[in-house]
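Here's the structure, in structure tokens; my notes come after.
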Number of protein chains: 2
Amino acid sequence: MKPKVVIIGGGFGGLNVAKSLAKENVEITLIDKTNHHLFQPLLYQVATAALSPGEIAVPIRSILKKQKNVQVVLREVGAISKTEKKVYLKNKDTYDFDYLIVATGTRHSYFGNDTWEKFAPGLKNITDALKIRERILLSFERAEVEDEPEKQRAYLTFVIIGAGPTGVEMAGSIAEIAHRTMLGDFRHVDTSKTRIILVEGKGTVLSFFPSELSSKAHKNLTEMGVEVRLNTSVTNITARGVQVGEEWIWTPNVIWAAGNQASGLGKTLEVPLDKSGRVMVEKDLSIPEFSNIFVIGDAAHACDKNGQLLPALGSVAVQQGKYIGKVISQDLAQKERKPFSYKDYGVMATIGRARAVAQIGTLKFFGWFAWLLWCFTHIMLLIGFRNKAVVMSEWMWSYVTYQRAARLITDRSYKDEQE
Amino acid sequence: MKPKVVIIGGGFGGLNVAKSLAKENVEITLIDKTNHHLFQPLLYQVATAALSPGEIAVPIRSILKKQKNVQVVLREVGAISKTEKKVYLKNKDTYDFDYLIVATGTRHSYFGNDTWEKFAPGLKNITDALKIRERILLSFERAEVEDEPEKQRAYLTFVIIGAGPTGVEMAGSIAEIAHRTMLGDFRHVDTSKTRIILVEGKGTVLSFFPSELSSKAHKNLTEMGVEVRLNTSVTNITARGVQVGEEWIWTPNVIWAAGNQASGLGKTLEVPLDKSGRVMVEKDLSIPEFSNIFVIGDAAHACDKNGQLLPALGSVAVQQGKYIGKVISQDLAQKERKPFSYKDYGVMATIGRARAVAQIGTLKFFGWFAWLLWCFTHIMLLIGFRNKAVVMSEWMWSYVTYQRAARLITDRSYKDEQE
């Protein structure tokens, strides 16, 4: 009997576990509730209409097509039994495992105010992104046909909550759409008057960046016409507006980029979680008492050598995924496991056209050069990921090679309602 | 007072009316219920996952950005009053007109069996295309995890009803996806066993093409593994299958490419309609007794010089749109109107890789050359239409020029439910 490896989640972490076991004599099952792997760092660009979903998402099945020791299952996991070594799907099917990897990422957390979700959608998957895109675009359309100046102003107001990379990137993009892209598209509204407000509870934007870069980013946002409100809490959100500190802002456009909560599956493992619901993992990323069960990526609370919590970054998930592949190979070869150690290549965030901040090792960059660096890095990663360069040739190419670029299943909720 | 021109519909017809009035001293209002102009000839490629919606749809607003005599309104029209010269929107707003152009296209007709629509979606807009794409892709996923062979077979069966260009193109594309693109993606099903059945009530596929080309197309489809059933009627469709002539076929995958019915707006004009609901128009495309109200494109029943009904083609709508622009200019200059005359450049349809049929004037083409011709023509039209060539450069470019490629509002029904 070949050892059975079950991976839950086809993001950066899960996919890299599967890939790094390509040559092992194991039986891998990768379970995901969507059919595609998502290049999440560019998701905000889908939400802001710069990219199509097909340009940043690829069917997991086609990525692993040639790796014959993997089967991909499009289903949702309901529970895990550690002692029985079984994964239970929501439809009651089960999968046995010898090794289990939980790589299920996070969802938004509204800090207990779950009713806010309806009015302030967050950004984690393609459906979220399309919903936000539609909301943004429709709001300008509504402003155009609105006679009451008060209501028109509300439609031209956007509040983004949370000034981490996603919040900063969203605010910058909306400012560009309103102040540049759409300029002249409308006859009855002046989109350059659009208000974009970025709210942050902490004292700086991009708080986990070096303070020099945070200030630069703050300055850039202000130059682009974004109002940044630091040390400010949001205390209420309704369909018609949001309470930002002392000010009530009328707007139907609130976007949530603040809190994260690890997916609920971690809870069913019955092991200690941190306050964001992440599983506290051992040095080899396994859970206490079960050295064959691992949690990686955003779902895990893992620390570096100095006991510092690793950030929720794609590069952490990628490295952890590769590490788990190696651990399983070592186990099979009856070698000893080494603890996981994260190699920090740096962080970067883009604010807008020719504006970005980047930290690489001890070097810090901002402005035009950081932006070029950001573009270059993401294009390289995306090309590696999609291996495509030309729109038109994409289409010709799909005819010649029989490949398809946009094999996505999005909007599951809509589909599920139909059935 | 400038003359007021109201155009309902931003397809090939409506858009060309607006564009050809660019230099006239008129006030144009273009009303559409979606925010985008759609390059419909390639819509089947979105339904079959070859293209992303953003690659064949552009915001009407941005196409007409620089034409200052046009305002674009994202709203739905409810009724028209010919004598009051008013258009009533569904939200009760009104627009006065001196000239009105109805260019609202068609929807599917289920020949009185409206309950079939739920089980056999048709293909007219982006939402339709995404729904069909999702249905096709999910069906393969379901087959992969299905244990009962009967059910698995049903998931791997596709029935397309209607063998006009859309039906032929859909059948060919699904055959390619199943028999080539997805080959090797799955572990428990052999997608090459997928059955694709194309059903047609008439005696040939592509019945309005020259018979030589129809036979070629039929032969090509058969070679590609499509079962073609001619002279066959569909008498029942349910969630679980379809009655095709004498045979009951188990499948949840039925696609409707058969009948069309002009949009309901024509009816509110209270003028004679043909049996497909199209407005019977005069030689100048106006309606009886109202020389200031025109119906064009698929919504109109217009004839050529020989009294032959003009086909439902983009090129007819484009020429009619340009003609109306000219008619209005002539009216304003108090010149006499000339009757509309259609210049037939030919027809073409693609069946699959290196397989197409085309008629240009008296020349007929098929096979590889016709396919190159088809590719070339559509790329030229699409480039003219979108003016983009490179996926990656598209994204870089959108950064540099502030333009956005994917400003689409799709899935209105979903959105509307939320509100």
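The chains in the structure tokens are called A, B, ... from first to last as shown; in each chain the residues are counted from 1, and the ligands are counted from 1 in the order shown.
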Near range 63-72 of chain A, within 12 Å and counting only C-alpha atoms, which residues show up once chain neighbours fewer than 4 positions away are dropped, as number ranges by chain? A: 2-11, 14-38, 57-59, 95, 384-387, 403, 407; B: 141-142, 144-145, 181-189
Find the residues near Glu227 in chain B: any atom within 10 Å, counting only C-alpha atoms, skip ones fewer than 5 places away on the same chain, and give them as a PyMOL selection string. chain B and resi 159+171+195-199+218+221-222
Using N, CA, C and O atoms, can you write the selected residues to a file as a compact mmCIF listing (two decimals), in the first residue's frame?
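Listing of selection23.txt after writing:
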```txt
# COMPACT_ATOMS: atom_id res chain seq x y z
N VAL B 159 -26.05 17.88 -25.00
CA VAL B 159 -26.98 17.99 -26.12
C VAL B 159 -27.12 19.48 -26.48
O VAL B 159 -27.44 20.30 -25.63
N ALA B 171 -21.04 23.02 -30.34
CA ALA B 171 -20.81 21.57 -30.42
C ALA B 171 -19.33 21.28 -30.72
O ALA B 171 -18.70 20.44 -30.07
N ARG B 195 -20.06 12.24 -24.97
CA ARG B 195 -20.97 12.28 -26.13
C ARG B 195 -21.44 13.70 -26.35
O ARG B 195 -21.92 14.35 -25.42
N ILE B 196 -21.35 14.18 -27.58
CA ILE B 196 -21.88 15.50 -27.92
C ILE B 196 -22.90 15.30 -29.03
O ILE B 196 -22.57 14.78 -30.10
N ILE B 197 -24.14 15.69 -28.77
CA ILE B 197 -25.21 15.47 -29.74
C ILE B 197 -25.76 16.82 -30.19
O ILE B 197 -26.15 17.65 -29.37
N LEU B 198 -25.77 17.05 -31.49
CA LEU B 198 -26.28 18.30 -32.05
C LEU B 198 -27.60 18.00 -32.76
O LEU B 198 -27.64 17.21 -33.71
N VAL B 199 -28.67 18.62 -32.29
CA VAL B 199 -30.01 18.31 -32.79
C VAL B 199 -30.53 19.46 -33.65
O VAL B 199 -30.44 20.63 -33.25
N HIS B 218 -21.13 19.53 -41.73
CA HIS B 218 -21.68 18.30 -41.18
C HIS B 218 -20.58 17.22 -41.10
O HIS B 218 -20.40 16.57 -40.06
N LEU B 221 -18.07 18.02 -38.34
CA LEU B 221 -18.62 17.76 -37.00
C LEU B 221 -18.54 16.26 -36.70
O LEU B 221 -18.13 15.86 -35.60
N THR B 222 -18.90 15.45 -37.67
CA THR B 222 -18.88 14.00 -37.48
C THR B 222 -17.46 13.51 -37.21
O THR B 222 -17.22 12.72 -36.29
```
Tell me, as a list of chain:residue names, which residues lie within 7 Å of Gly164 in chain B, counting only C-alpha atoms; anything in the same chain fewer than 2 positions away does not count. B:Gly162, B:Thr166, B:Gly167, B:Val168, B:Val205, B:Leu206, B:Ser207
Let me see the file: selected residues, N, CA and C atoms, as an mmCIF file, in the first residue's frame.
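And here's result.cif as it stands now:
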```cif
data_model
loop_
_atom_site.group_PDB
_atom_site.id
_atom_site.type_symbol
_atom_site.label_atom_id
_atom_site.label_comp_id
_atom_site.auth_asym_id
_atom_site.auth_seq_id
_atom_site.Cartn_x
_atom_site.Cartn_y
_atom_site.Cartn_z
ATOM 1 N N GLY B 162 -30.249 22.992 -32.015
ATOM 2 C CA GLY B 162 -30.175 24.037 -33.028
ATOM 3 C C GLY B 162 -28.810 24.055 -33.674
ATOM 4 N N THR B 166 -24.240 29.327 -33.992
ATOM 5 C CA THR B 166 -23.966 29.187 -32.555
ATOM 6 C C THR B 166 -23.957 27.728 -32.127
ATOM 7 N N GLY B 167 -24.951 26.957 -32.552
ATOM 8 C CA GLY B 167 -25.028 25.541 -32.188
ATOM 9 C C GLY B 167 -23.832 24.763 -32.706
ATOM 10 N N VAL B 168 -23.460 25.026 -33.957
ATOM 11 C CA VAL B 168 -22.325 24.329 -34.565
ATOM 12 C C VAL B 168 -21.031 24.682 -33.833
ATOM 13 N N VAL B 205 -27.308 21.148 -41.331
ATOM 14 C CA VAL B 205 -26.726 22.112 -40.388
ATOM 15 C C VAL B 205 -26.479 23.402 -41.167
ATOM 16 N N LEU B 206 -26.312 24.521 -40.461
ATOM 17 C CA LEU B 206 -26.047 25.822 -41.096
ATOM 18 C C LEU B 206 -26.958 26.041 -42.309
ATOM 19 N N SER B 207 -28.271 25.954 -42.085
ATOM 20 C CA SER B 207 -29.196 25.892 -43.214
ATOM 21 C C SER B 207 -29.178 27.138 -44.105
#
```
Give me the residues near Leu313 in chain B as a PyMOL selection string, where near means some atom within 12 Å (using only C-alpha atoms) and where sequence neighbours in that chain fewer than 4 positions away do not count. chain B and resi 11-13+39-41+105-106+164-166+208+296-300+309+317-320+342+344-349
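The coordinates place CA of Gly352 in chain B at 7.3 Å from CA of Glu169 in chain B.
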Would you please give, as a list of chain:residue names, all residues of range 116-145 of chain B that DSSP assigns to alpha helix (DSSP H) based on the backbone?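 Alpha helix (DSSP H) members of range 116-145 of chain B, listed: B:Ile126, B:Thr127, B:Asp128, B:Ala129, B:Leu130, B:Lys131, B:Ile132, B:Arg133, B:Glu134, B:Arg135, B:Ile136, B:Leu137, B:Leu138, B:Ser139, B:Phe140, B:Glu141, B:Arg142, B:Ala143, B:Glu144.
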Only all heavy atoms, please: the residues just picked out, written as a compact mmCIF listing (two decimals), in the first residue's frame.
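Dumped to result04.txt:
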```txt
# COMPACT_ATOMS: atom_id res chain seq x y z
N ILE B 126 -23.20 37.94 -21.56
CA ILE B 126 -22.08 37.45 -20.74
C ILE B 126 -22.56 36.54 -19.61
O ILE B 126 -21.96 35.50 -19.34
CB ILE B 126 -21.31 38.65 -20.13
CG1 ILE B 126 -20.65 39.47 -21.22
CG2 ILE B 126 -20.30 38.19 -19.09
CD1 ILE B 126 -19.31 38.98 -21.68
N THR B 127 -23.67 36.91 -18.98
CA THR B 127 -24.18 36.09 -17.89
C THR B 127 -24.56 34.70 -18.40
O THR B 127 -24.23 33.68 -17.77
CB THR B 127 -25.40 36.76 -17.23
OG1 THR B 127 -25.07 38.11 -16.94
CG2 THR B 127 -25.81 36.06 -15.96
N ASP B 128 -25.25 34.66 -19.54
CA ASP B 128 -25.56 33.36 -20.16
C ASP B 128 -24.29 32.56 -20.38
O ASP B 128 -24.23 31.37 -20.07
CB ASP B 128 -26.18 33.57 -21.56
CG ASP B 128 -27.56 34.21 -21.52
OD1 ASP B 128 -28.21 34.21 -20.46
OD2 ASP B 128 -27.99 34.72 -22.58
N ALA B 129 -23.30 33.22 -20.95
CA ALA B 129 -22.06 32.52 -21.31
C ALA B 129 -21.37 31.96 -20.08
O ALA B 129 -20.89 30.83 -20.08
CB ALA B 129 -21.13 33.46 -22.07
N LEU B 130 -21.33 32.75 -19.00
CA LEU B 130 -20.68 32.28 -17.78
C LEU B 130 -21.46 31.14 -17.15
O LEU B 130 -20.88 30.21 -16.59
CB LEU B 130 -20.49 33.44 -16.79
CG LEU B 130 -19.52 34.53 -17.27
CD1 LEU B 130 -19.47 35.67 -16.26
CD2 LEU B 130 -18.13 33.96 -17.49
N LYS B 131 -22.78 31.20 -17.25
CA LYS B 131 -23.63 30.15 -16.71
C LYS B 131 -23.37 28.84 -17.47
O LYS B 131 -23.21 27.79 -16.87
CB LYS B 131 -25.10 30.57 -16.86
CG LYS B 131 -25.99 30.15 -15.72
CD LYS B 131 -27.44 30.51 -15.98
CE LYS B 131 -27.73 32.00 -15.81
NZ LYS B 131 -29.14 32.35 -16.13
N ILE B 132 -23.30 28.94 -18.79
CA ILE B 132 -23.05 27.74 -19.59
C ILE B 132 -21.64 27.21 -19.34
O ILE B 132 -21.43 26.01 -19.17
CB ILE B 132 -23.30 28.03 -21.09
CG1 ILE B 132 -24.79 28.24 -21.32
CG2 ILE B 132 -22.76 26.90 -21.96
CD1 ILE B 132 -25.16 28.62 -22.74
N ARG B 133 -20.68 28.12 -19.26
CA ARG B 133 -19.30 27.69 -18.98
C ARG B 133 -19.23 26.92 -17.68
O ARG B 133 -18.64 25.84 -17.58
CB ARG B 133 -18.39 28.93 -18.89
CG ARG B 133 -16.96 28.59 -18.57
CD ARG B 133 -16.08 29.83 -18.59
NE ARG B 133 -16.11 30.52 -17.31
CZ ARG B 133 -15.49 31.68 -17.08
NH1 ARG B 133 -14.83 32.29 -18.05
NH2 ARG B 133 -15.54 32.24 -15.91
N GLU B 134 -19.87 27.49 -16.66
CA GLU B 134 -19.85 26.85 -15.36
C GLU B 134 -20.52 25.48 -15.40
O GLU B 134 -20.03 24.51 -14.82
CB GLU B 134 -20.56 27.75 -14.36
CG GLU B 134 -20.55 27.18 -12.99
CD GLU B 134 -20.76 28.25 -11.94
OE1 GLU B 134 -20.08 29.29 -12.02
OE2 GLU B 134 -21.60 28.04 -11.07
N ARG B 135 -21.64 25.40 -16.12
CA ARG B 135 -22.36 24.14 -16.23
C ARG B 135 -21.50 23.07 -16.89
O ARG B 135 -21.42 21.93 -16.43
CB ARG B 135 -23.62 24.40 -17.05
CG ARG B 135 -24.68 23.37 -16.90
CD ARG B 135 -25.91 23.80 -17.67
NE ARG B 135 -26.81 24.55 -16.82
CZ ARG B 135 -28.13 24.30 -16.74
NH1 ARG B 135 -28.67 23.34 -17.48
NH2 ARG B 135 -28.89 25.00 -15.96
N ILE B 136 -20.84 23.45 -17.98
CA ILE B 136 -19.99 22.50 -18.70
C ILE B 136 -18.85 22.01 -17.80
O ILE B 136 -18.62 20.82 -17.63
CB ILE B 136 -19.42 23.14 -19.99
CG1 ILE B 136 -20.55 23.43 -20.98
CG2 ILE B 136 -18.38 22.22 -20.63
CD1 ILE B 136 -20.10 24.25 -22.20
N LEU B 137 -18.15 22.97 -17.18
CA LEU B 137 -16.97 22.61 -16.38
C LEU B 137 -17.36 21.78 -15.15
O LEU B 137 -16.69 20.80 -14.81
CB LEU B 137 -16.22 23.87 -15.95
CG LEU B 137 -15.64 24.72 -17.08
CD1 LEU B 137 -15.00 25.98 -16.53
CD2 LEU B 137 -14.62 23.93 -17.90
N LEU B 138 -18.46 22.17 -14.51
CA LEU B 138 -18.89 21.44 -13.32
C LEU B 138 -19.30 20.02 -13.66
O LEU B 138 -19.12 19.11 -12.85
CB LEU B 138 -20.08 22.16 -12.67
CG LEU B 138 -19.78 23.13 -11.55
CD1 LEU B 138 -21.07 23.75 -11.04
CD2 LEU B 138 -19.05 22.44 -10.39
N SER B 139 -19.85 19.84 -14.84
CA SER B 139 -20.33 18.51 -15.19
C SER B 139 -19.17 17.51 -15.25
O SER B 139 -19.30 16.37 -14.79
CB SER B 139 -21.07 18.57 -16.51
OG SER B 139 -21.95 17.48 -16.62
N PHE B 140 -18.05 17.94 -15.79
CA PHE B 140 -16.87 17.06 -15.81
C PHE B 140 -16.39 16.77 -14.38
O PHE B 140 -16.02 15.65 -14.04
CB PHE B 140 -15.73 17.68 -16.62
CG PHE B 140 -15.98 17.68 -18.11
CD1 PHE B 140 -16.32 18.83 -18.77
CD2 PHE B 140 -15.86 16.50 -18.83
CE1 PHE B 140 -16.55 18.83 -20.14
CE2 PHE B 140 -16.09 16.49 -20.20
CZ PHE B 140 -16.44 17.66 -20.87
N GLU B 141 -16.42 17.80 -13.53
CA GLU B 141 -16.00 17.63 -12.13
C GLU B 141 -16.90 16.62 -11.42
O GLU B 141 -16.45 15.80 -10.63
CB GLU B 141 -16.06 18.96 -11.38
CG GLU B 141 -15.07 20.02 -11.86
CD GLU B 141 -13.62 19.67 -11.55
OE1 GLU B 141 -13.37 18.83 -10.67
OE2 GLU B 141 -12.73 20.25 -12.21
N ARG B 142 -18.19 16.70 -11.71
CA ARG B 142 -19.14 15.79 -11.07
C ARG B 142 -18.95 14.37 -11.56
O ARG B 142 -19.09 13.41 -10.79
CB ARG B 142 -20.57 16.27 -11.31
CG ARG B 142 -20.87 17.48 -10.46
CD ARG B 142 -22.26 18.01 -10.67
NE ARG B 142 -22.47 19.11 -9.74
CZ ARG B 142 -23.18 20.19 -9.98
NH1 ARG B 142 -23.79 20.32 -11.14
NH2 ARG B 142 -23.29 21.14 -9.09
N ALA B 143 -18.68 14.25 -12.85
CA ALA B 143 -18.42 12.91 -13.40
C ALA B 143 -17.24 12.28 -12.68
O ALA B 143 -17.27 11.09 -12.33
CB ALA B 143 -18.17 13.01 -14.90
N GLU B 144 -16.20 13.07 -12.41
CA GLU B 144 -14.98 12.57 -11.77
C GLU B 144 -15.23 11.96 -10.40
O GLU B 144 -14.58 10.98 -10.03
CB GLU B 144 -13.96 13.73 -11.65
CG GLU B 144 -12.69 13.45 -10.85
CD GLU B 144 -11.63 12.66 -11.61
OE1 GLU B 144 -11.93 12.17 -12.70
OE2 GLU B 144 -10.50 12.53 -11.08
```
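Nearest to chain A of all the residues B:Ile80, B:Ala175, B:Leu51, B:Ala262 is B:Leu51, counting only C-alpha atoms.
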Need to verify the contact set: Arg153 in chain B, 9 Å, only C-alpha atoms, exclusion of same-chain residues closer than 5 positions in sequence. Can you return it as an MDAnalysis selection string? chainID B and resid 143 148 193:195 250:251
Export of the given selection (all heavy atoms) as an mmCIF file, in the first residue's frame:
```
data_model
loop_
_atom_site.group_PDB
_atom_site.id
_atom_site.type_symbol
_atom_site.label_atom_id
_atom_site.label_comp_id
_atom_site.auth_asym_id
_atom_site.auth_seq_id
_atom_site.Cartn_x
_atom_site.Cartn_y
_atom_site.Cartn_z
ATOM 1 N N ALA B 143 -18.677 14.246 -12.850
ATOM 2 C CA ALA B 143 -18.424 12.911 -13.396
ATOM 3 C C ALA B 143 -17.240 12.276 -12.680
ATOM 4 O O ALA B 143 -17.266 11.093 -12.328
ATOM 5 C CB ALA B 143 -18.167 13.007 -14.897
ATOM 6 N N GLU B 148 -21.709 5.938 -9.595
ATOM 7 C CA GLU B 148 -22.638 5.198 -10.459
ATOM 8 C C GLU B 148 -22.347 5.459 -11.935
ATOM 9 O O GLU B 148 -22.421 6.595 -12.394
ATOM 10 C CB GLU B 148 -24.076 5.634 -10.172
ATOM 11 C CG GLU B 148 -24.618 5.126 -8.858
ATOM 12 C CD GLU B 148 -26.056 5.614 -8.646
ATOM 13 O OE1 GLU B 148 -26.843 5.575 -9.614
ATOM 14 O OE2 GLU B 148 -26.362 6.039 -7.531
ATOM 15 N N LYS B 193 -14.530 9.900 -23.960
ATOM 16 C CA LYS B 193 -15.788 9.173 -24.176
ATOM 17 C C LYS B 193 -17.005 10.092 -24.146
ATOM 18 O O LYS B 193 -18.146 9.635 -24.246
ATOM 19 C CB LYS B 193 -15.946 8.099 -23.082
ATOM 20 C CG LYS B 193 -14.822 7.062 -23.069
ATOM 21 C CD LYS B 193 -15.307 5.683 -23.444
ATOM 22 C CE LYS B 193 -14.153 4.740 -23.748
ATOM 23 N NZ LYS B 193 -13.498 4.267 -22.502
ATOM 24 N N THR B 194 -16.776 11.378 -23.930
ATOM 25 C CA THR B 194 -17.884 12.337 -23.874
ATOM 26 C C THR B 194 -18.730 12.288 -25.146
ATOM 27 O O THR B 194 -18.194 12.259 -26.250
ATOM 28 C CB THR B 194 -17.312 13.764 -23.713
ATOM 29 O OG1 THR B 194 -16.455 13.786 -22.577
ATOM 30 C CG2 THR B 194 -18.428 14.787 -23.526
ATOM 31 N N ARG B 195 -20.060 12.243 -24.972
ATOM 32 C CA ARG B 195 -20.966 12.277 -26.131
ATOM 33 C C ARG B 195 -21.442 13.699 -26.353
ATOM 34 O O ARG B 195 -21.917 14.348 -25.421
ATOM 35 C CB ARG B 195 -22.210 11.443 -25.845
ATOM 36 C CG ARG B 195 -22.094 9.988 -26.185
ATOM 37 C CD ARG B 195 -23.430 9.297 -25.919
ATOM 38 N NE ARG B 195 -24.371 9.481 -27.011
ATOM 39 C CZ ARG B 195 -25.666 9.125 -26.945
ATOM 40 N NH1 ARG B 195 -26.168 8.627 -25.836
ATOM 41 N NH2 ARG B 195 -26.458 9.306 -27.991
ATOM 42 N N TRP B 250 -30.299 10.859 -21.170
ATOM 43 C CA TRP B 250 -30.031 11.309 -19.801
ATOM 44 C C TRP B 250 -28.879 12.301 -19.813
ATOM 45 O O TRP B 250 -27.770 11.944 -20.173
ATOM 46 C CB TRP B 250 -29.649 10.130 -18.903
ATOM 47 C CG TRP B 250 -30.754 9.162 -18.637
ATOM 48 C CD1 TRP B 250 -30.942 7.952 -19.236
ATOM 49 C CD2 TRP B 250 -31.823 9.311 -17.699
ATOM 50 N NE1 TRP B 250 -32.064 7.337 -18.740
ATOM 51 C CE2 TRP B 250 -32.629 8.146 -17.784
ATOM 52 C CE3 TRP B 250 -32.198 10.319 -16.802
ATOM 53 C CZ2 TRP B 250 -33.770 7.958 -17.005
ATOM 54 C CZ3 TRP B 250 -33.325 10.117 -16.022
ATOM 55 C CH2 TRP B 250 -34.112 8.955 -16.133
ATOM 56 N N THR B 251 -29.122 13.499 -19.406
ATOM 57 C CA THR B 251 -28.051 14.492 -19.273
ATOM 58 C C THR B 251 -28.567 15.747 -18.593
ATOM 59 O O THR B 251 -29.692 16.168 -18.827
ATOM 60 C CB THR B 251 -27.454 14.894 -20.640
ATOM 61 O OG1 THR B 251 -26.530 15.975 -20.423
ATOM 62 C CG2 THR B 251 -28.526 15.399 -21.599
#
```
Just how far from CA of His179 in chain B is CA of Ile255 in chain B, in Å to one decimal? 18.6 Å
Got a sec to tell me which of range 27-246 of chain B DSSP assigns to strand (DSSP E or B), as a PyMOL selection string? chain B and resi 27-32+36-38+57-59+70-74+77-81+86-89+94-96+99-102+106-109+157-161+195-199+226-229+234-237+241-244
Near Trp116 in chain B, within 12 Å and counting only C-alpha atoms, which residues show up once chain neighbours fewer than 2 positions away are dropped, as a list in words? His108, Ser109, Tyr110, Phe111, Gly112, Asn113, Asp114, Lys118, Phe119, Ala120, Pro121, Gly122, Ile161, Val234, Thr235, Asn236, Ile237, Thr238, Ala239, Arg240, Gly241, Val242, Gln243, Val254, Ile255 and Trp256 of chain B
To one decimal in Å, tell me the separation between CA of Trp374 in chain A and CA of Ala354 in chain A.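 Atom-to-atom, CA of Trp374 in chain A to CA of Ala354 in chain A, that is 9.8 Å.
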